[in-house]
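This report concerns only the one structure given below.
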Amino acid sequence: MFFDLPLEQLYTYRPQRVEPSDFDVFWDTTLAETRQFPLNPQFQPFDAGLSLIETVDVTFNGYGGQPIKGWLLLPHERSGPLPCVVEFIGYGGGRGHPLDWLTFSAAGYAHLVMDTRGQGSAWRKGDTPDLETDFSNPQYPGFMTRGVLDPRTYYYRRVFVDGVRAVETARAHPAIDAGRIALTGGSQGGGITLAVGALAGDVAAVMPDVPFLCHYRAATELVDTAPYNEIVKFCKVHRDKIDAVFATLSYFDGINFAARIDAPALVSAGLMDDICPPRTVFAAYNHLQGLKEIRVYPYNQHEGGQTDHTVEKLRFLKQLWQ
């Protein structure tokens, strides 16, 4: 059902941002610490059984110099460096198999898919443990409250930095035009897209679908579904830690990242989305600083526009890079 604000109000919904005074210092310092470690991108050919797409098994050093996996897919037929789409994955999923990711390379673009550390055990397998916490294998969720009492230890500090390093890895590959990098992802991948779009610098476009990790407090007050309910359950037990939880989350809020993005943007929202409520998506969208479009799917939930929206993204990229 429609449970959130009417659509006309969503288009003007621009809540005041709750931003720490040291937000930029925190992220500049975090990235500087990570860049003390070599990126060390490794590109190993992988036989995925494809004739028209070149598949590459990617490893690079992310947060703390820890290895992160990914896939790079390239059209075999190419005459020069290609624009690249860097994609981030939804909550609980991993990089899976190259056959899961054929759309953008089939459209003629390079496509780098970043595995999400520690995840990849809920609906698509992953290959990257979260070594910062000494876990030796990906695990089933949840991740929303891992280290949440301090922004320096919070799980998404590592993930967002991994995303920045994924962009740097794409830029390091000779088949990719370093000046034409677009970011995309759905749900958690959309939230990572917003963070990396603000932190990586000079990206050509961002395309977050039904983005998660935005407007946290409003989300926890509107819905009781996973994954936001992980925060609710934590605060239900740790009643004395609520202020500390949301103080940490303010460093990771997609609204604050959106306010730092002036690249062209294409966003999607489902008006019946009871996982990432519409107002949390519009809150981020309305804070974006550049040219922007949003596709609204009134009778869809968290699946958003699915293939219909993929068509929209291909149209958007064609206009961007024609």
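Residues in the structure tokens are named by chain (A, B, ... in the order shown) and by number from 1 within that chain; ligands are numbered from 1 in the order shown.
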Sorted by chain and rising residue number, which residues of segment 82-124 of chain A lie within 12 Å of segment 63-67 of chain A, and what are their closest atom pairs and distances in Å to one decimal, counting only C-alpha atoms, as JSON lines?
{"residue": "A:Met114", "atom": "CA", "partner": "A:Pro67", "partner_atom": "CA", "distance": 11.4}
{"residue": "A:Asp115", "atom": "CA", "partner": "A:Pro67", "partner_atom": "CA", "distance": 10.4}
{"residue": "A:Thr116", "atom": "CA", "partner": "A:Pro67", "partner_atom": "CA", "distance": 11.0}
{"residue": "A:Arg117", "atom": "CA", "partner": "A:Pro67", "partner_atom": "CA", "distance": 9.1}
{"residue": "A:Gly118", "atom": "CA", "partner": "A:Pro67", "partner_atom": "CA", "distance": 11.7}
What are the nearest atom pairs, with distances in Å to one decimal, for all residues of segment 70-122 of chain A that come at most 12 Å from segment 304-310 of chain A, using only C-alpha atoms, set out by chain and rising residue number as a Markdown table?
| residue | atom | partner | partner_atom | distance |
| --- | --- | --- | --- | --- |
| A:Leu102 | CA | A:Thr310 | CA | 12.0 |
| A:Thr103 | CA | A:Thr310 | CA | 8.6 |
| A:Phe104 | CA | A:Thr310 | CA | 9.6 |
| A:Ala107 | CA | A:Thr310 | CA | 11.3 |
Output N, CA and C atoms for every residue in the selection just made, as a PDB file, in the first residue's frame.
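Saved to out-v4.pdb:
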ATOM      1  N   LEU A 102      25.947  -9.265 -17.426  1.00  0.00           N
ATOM      2  CA  LEU A 102      26.273  -9.106 -18.841  1.00  0.00           C
ATOM      3  C   LEU A 102      25.718  -7.840 -19.498  1.00  0.00           C
ATOM      4  N   THR A 103      24.828  -7.133 -18.853  1.00  0.00           N
ATOM      5  CA  THR A 103      24.115  -6.045 -19.534  1.00  0.00           C
ATOM      6  C   THR A 103      25.033  -4.943 -20.032  1.00  0.00           C
ATOM      7  N   PHE A 104      25.850  -4.377 -19.172  1.00  0.00           N
ATOM      8  CA  PHE A 104      26.606  -3.191 -19.559  1.00  0.00           C
ATOM      9  C   PHE A 104      27.711  -3.505 -20.569  1.00  0.00           C
ATOM     10  N   ALA A 107      26.264  -3.816 -23.879  1.00  0.00           N
ATOM     11  CA  ALA A 107      25.929  -2.508 -24.436  1.00  0.00           C
ATOM     12  C   ALA A 107      27.161  -1.753 -24.919  1.00  0.00           C
TER      13      ALA A 107
END
- Item | Nearest to Arg157 of chain A, chosen from A:Leu320, A:Leu249, A:Leu266, A:Ile275, with only C-alpha atoms counted in the distances |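 Of A:Leu320, A:Leu249, A:Leu266, A:Ile275, the one nearest Arg157 of chain A, counting only C-alpha atoms, is A:Leu249.
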- Task: Can you pull out every residue within 7 Å of segment 221-237 of chain A, counting only C-alpha atoms, but drop anything in the same chain fewer than 3 positions away, and send it as a PyMOL selection string?
- Result: chain A and resi 144-145+217-218+241-242+274-275
Take the residues that were just selected and, keeping N, CA and C atoms, output them as a compact mmCIF listing (two decimals), in the first residue's frame.
# COMPACT_ATOMS: atom_id res chain seq x y z
N MET A 144 24.51 -4.06 9.89
CA MET A 144 24.13 -2.67 10.13
C MET A 144 24.64 -2.11 11.45
N THR A 145 24.89 -2.96 12.42
CA THR A 145 25.35 -2.45 13.71
C THR A 145 26.77 -2.91 14.05
N ARG A 217 17.41 7.71 10.50
CA ARG A 217 16.43 7.80 11.60
C ARG A 217 15.01 7.73 11.07
N ALA A 218 14.73 8.44 9.99
CA ALA A 218 13.39 8.38 9.41
C ALA A 218 13.05 6.96 8.98
N LYS A 241 22.39 3.86 24.24
CA LYS A 241 23.34 4.09 23.16
C LYS A 241 22.69 4.70 21.91
N ILE A 242 21.42 5.09 21.99
CA ILE A 242 20.71 5.55 20.80
C ILE A 242 21.39 6.77 20.20
N ASP A 274 8.74 -0.84 1.15
CA ASP A 274 8.72 -0.88 2.62
C ASP A 274 10.07 -1.31 3.19
N ILE A 275 11.11 -1.30 2.36
CA ILE A 275 12.47 -1.56 2.82
C ILE A 275 13.27 -0.26 2.84
- Write out as a list in words which residues come within 7 Å of Gly186 of chain A when counting only C-alpha atoms, dropping same-chain ones fewer than 4 positions away.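 Once the nearby chain positions are removed, what remains is Ile89, Gly90, Gly190, Pro208, Asp209, Val210 and Pro211 of chain A.
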- Message: From a backbone DSSP assignment, name each residue in segment 52-242 of chain A labelled alpha helix (DSSP H), as a PyMOL selection string.
- Response: chain A and resi 103-106+155-172+188-199+216-222+228-237+242
- Hey, what's within 6 Å of segment 250-258 of chain A if we count only C-alpha atoms and toss same-chain stuff fewer than 3 positions away? As an MDAnalysis selection string, please? chainID A and resid 19 194:195 198 213:214 247 261 284 287:288
Near segment 27-45 of chain A, 9 Å: segment 172-253 of chain A residue rows, closest pairs, only C-alpha atoms, as a tab-separated table:
residue	atom	partner	partner_atom	distance
A:Ala172	CA	A:Pro41	CA	7.6
A:His173	CA	A:Phe43	CA	8.4
A:Leu199	CA	A:Trp27	CA	7.7
A:Tyr251	CA	A:Trp27	CA	8.6
- Message: Just want the 10 Å neighbourhood of Gly197 of chain A, counted on only C-alpha atoms, with same-chain residues fewer than 6 positions away dropped. Output as a count of residues only.
- Response: 20
Strand (DSSP E) call set, DSSP backbone run, segment 112-202 of chain A, as a PDB file with N, CA and C atoms, in the first residue's frame:
ATOM      1  N   LEU A 112      32.845  -2.981 -14.153  1.00  0.00           N
ATOM      2  CA  LEU A 112      33.541  -3.536 -12.999  1.00  0.00           C
ATOM      3  C   LEU A 112      32.544  -3.700 -11.863  1.00  0.00           C
ATOM      4  N   VAL A 113      32.412  -4.923 -11.362  1.00  0.00           N
ATOM      5  CA  VAL A 113      31.504  -5.243 -10.261  1.00  0.00           C
ATOM      6  C   VAL A 113      32.335  -5.519  -9.014  1.00  0.00           C
ATOM      7  N   MET A 114      32.091  -4.756  -7.954  1.00  0.00           N
ATOM      8  CA  MET A 114      32.849  -4.936  -6.711  1.00  0.00           C
ATOM      9  C   MET A 114      32.143  -5.898  -5.768  1.00  0.00           C
ATOM     10  N   ILE A 176      40.176   1.026 -20.120  1.00  0.00           N
ATOM     11  CA  ILE A 176      39.138   1.911 -19.585  1.00  0.00           C
ATOM     12  C   ILE A 176      39.570   3.364 -19.685  1.00  0.00           C
ATOM     13  N   ASP A 177      38.634   4.197 -20.104  1.00  0.00           N
ATOM     14  CA  ASP A 177      38.831   5.644 -20.142  1.00  0.00           C
ATOM     15  C   ASP A 177      38.627   6.178 -18.725  1.00  0.00           C
ATOM     16  N   ALA A 178      39.708   6.577 -18.062  1.00  0.00           N
ATOM     17  CA  ALA A 178      39.652   6.977 -16.656  1.00  0.00           C
ATOM     18  C   ALA A 178      38.771   8.186 -16.418  1.00  0.00           C
ATOM     19  N   GLY A 179      38.503   8.958 -17.466  1.00  0.00           N
ATOM     20  CA  GLY A 179      37.669  10.145 -17.326  1.00  0.00           C
ATOM     21  C   GLY A 179      36.191   9.884 -17.513  1.00  0.00           C
ATOM     22  N   ARG A 180      35.825   8.639 -17.826  1.00  0.00           N
ATOM     23  CA  ARG A 180      34.416   8.316 -18.061  1.00  0.00           C
ATOM     24  C   ARG A 180      34.015   7.115 -17.208  1.00  0.00           C
ATOM     25  N   ILE A 181      33.794   7.384 -15.924  1.00  0.00           N
ATOM     26  CA  ILE A 181      33.398   6.360 -14.972  1.00  0.00           C
ATOM     27  C   ILE A 181      32.030   6.726 -14.404  1.00  0.00           C
ATOM     28  N   ALA A 182      31.060   5.834 -14.560  1.00  0.00           N
ATOM     29  CA  ALA A 182      29.743   6.003 -13.952  1.00  0.00           C
ATOM     30  C   ALA A 182      29.574   4.957 -12.855  1.00  0.00           C
ATOM     31  N   LEU A 183      28.792   5.290 -11.853  1.00  0.00           N
ATOM     32  CA  LEU A 183      28.568   4.397 -10.716  1.00  0.00           C
ATOM     33  C   LEU A 183      27.106   3.995 -10.652  1.00  0.00           C
ATOM     34  N   THR A 184      26.867   2.746 -10.259  1.00  0.00           N
ATOM     35  CA  THR A 184      25.490   2.304 -10.095  1.00  0.00           C
ATOM     36  C   THR A 184      25.422   1.195  -9.064  1.00  0.00           C
ATOM     37  N   GLY A 185      24.192   0.881  -8.673  1.00  0.00           N
ATOM     38  CA  GLY A 185      23.923  -0.202  -7.747  1.00  0.00           C
ATOM     39  C   GLY A 185      22.522  -0.037  -7.197  1.00  0.00           C
ATOM     40  N   GLY A 186      21.934  -1.137  -6.748  1.00  0.00           N
ATOM     41  CA  GLY A 186      20.601  -1.102  -6.183  1.00  0.00           C
ATOM     42  C   GLY A 186      20.609  -1.328  -4.698  1.00  0.00           C
TER      43      GLY A 186
END
- Query: Between atom CA of Tyr109 of chain A and atom CA of Cys84 of chain A, what is the spacing in Å?
  - Reply: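 Taking atom CA of Cys84 of chain A as the start and atom CA of Tyr109 of chain A as the end point, the length is 5.6 Å.
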- Task: Go through A:Ala170, A:Val148, A:Val311, A:Val159 one by one, measure the shortest atom-to-atom distance of each to Leu131 of chain A using only C-alpha atoms, and give the residue with the smallest value.
- Result: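 Comparing A:Ala170, A:Val148, A:Val311, A:Val159 against Leu131 of chain A, the winner is A:Val159.
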- Message: Which residues are near Thr55 of chain A? Cut-off 7 Å, only C-alpha atoms, ignore same chain within fewer than 2 positions. Put them as a ChimeraX atom specification.
- Response: /A:45-48,53,57,72-74
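As for atom CA of Phe246 of chain A and atom CA of Glu303 of chain A, they are spaced 27.1 Å apart.
For the choices A:Leu314, A:Ala200, A:Leu149, A:Val161, the atom-to-atom distance to Ala244 of chain A is smallest for A:Leu149 when using only C-alpha atoms.
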- Return the single residue from A:Ala175, A:Val18, A:Ala219, A:Ala122 that is closest to Tyr140 of chain A, with distances computed using only C-alpha atoms.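 Between A:Ala175, A:Val18, A:Ala219, A:Ala122, the residue approaching Tyr140 of chain A most closely is A:Ala122.
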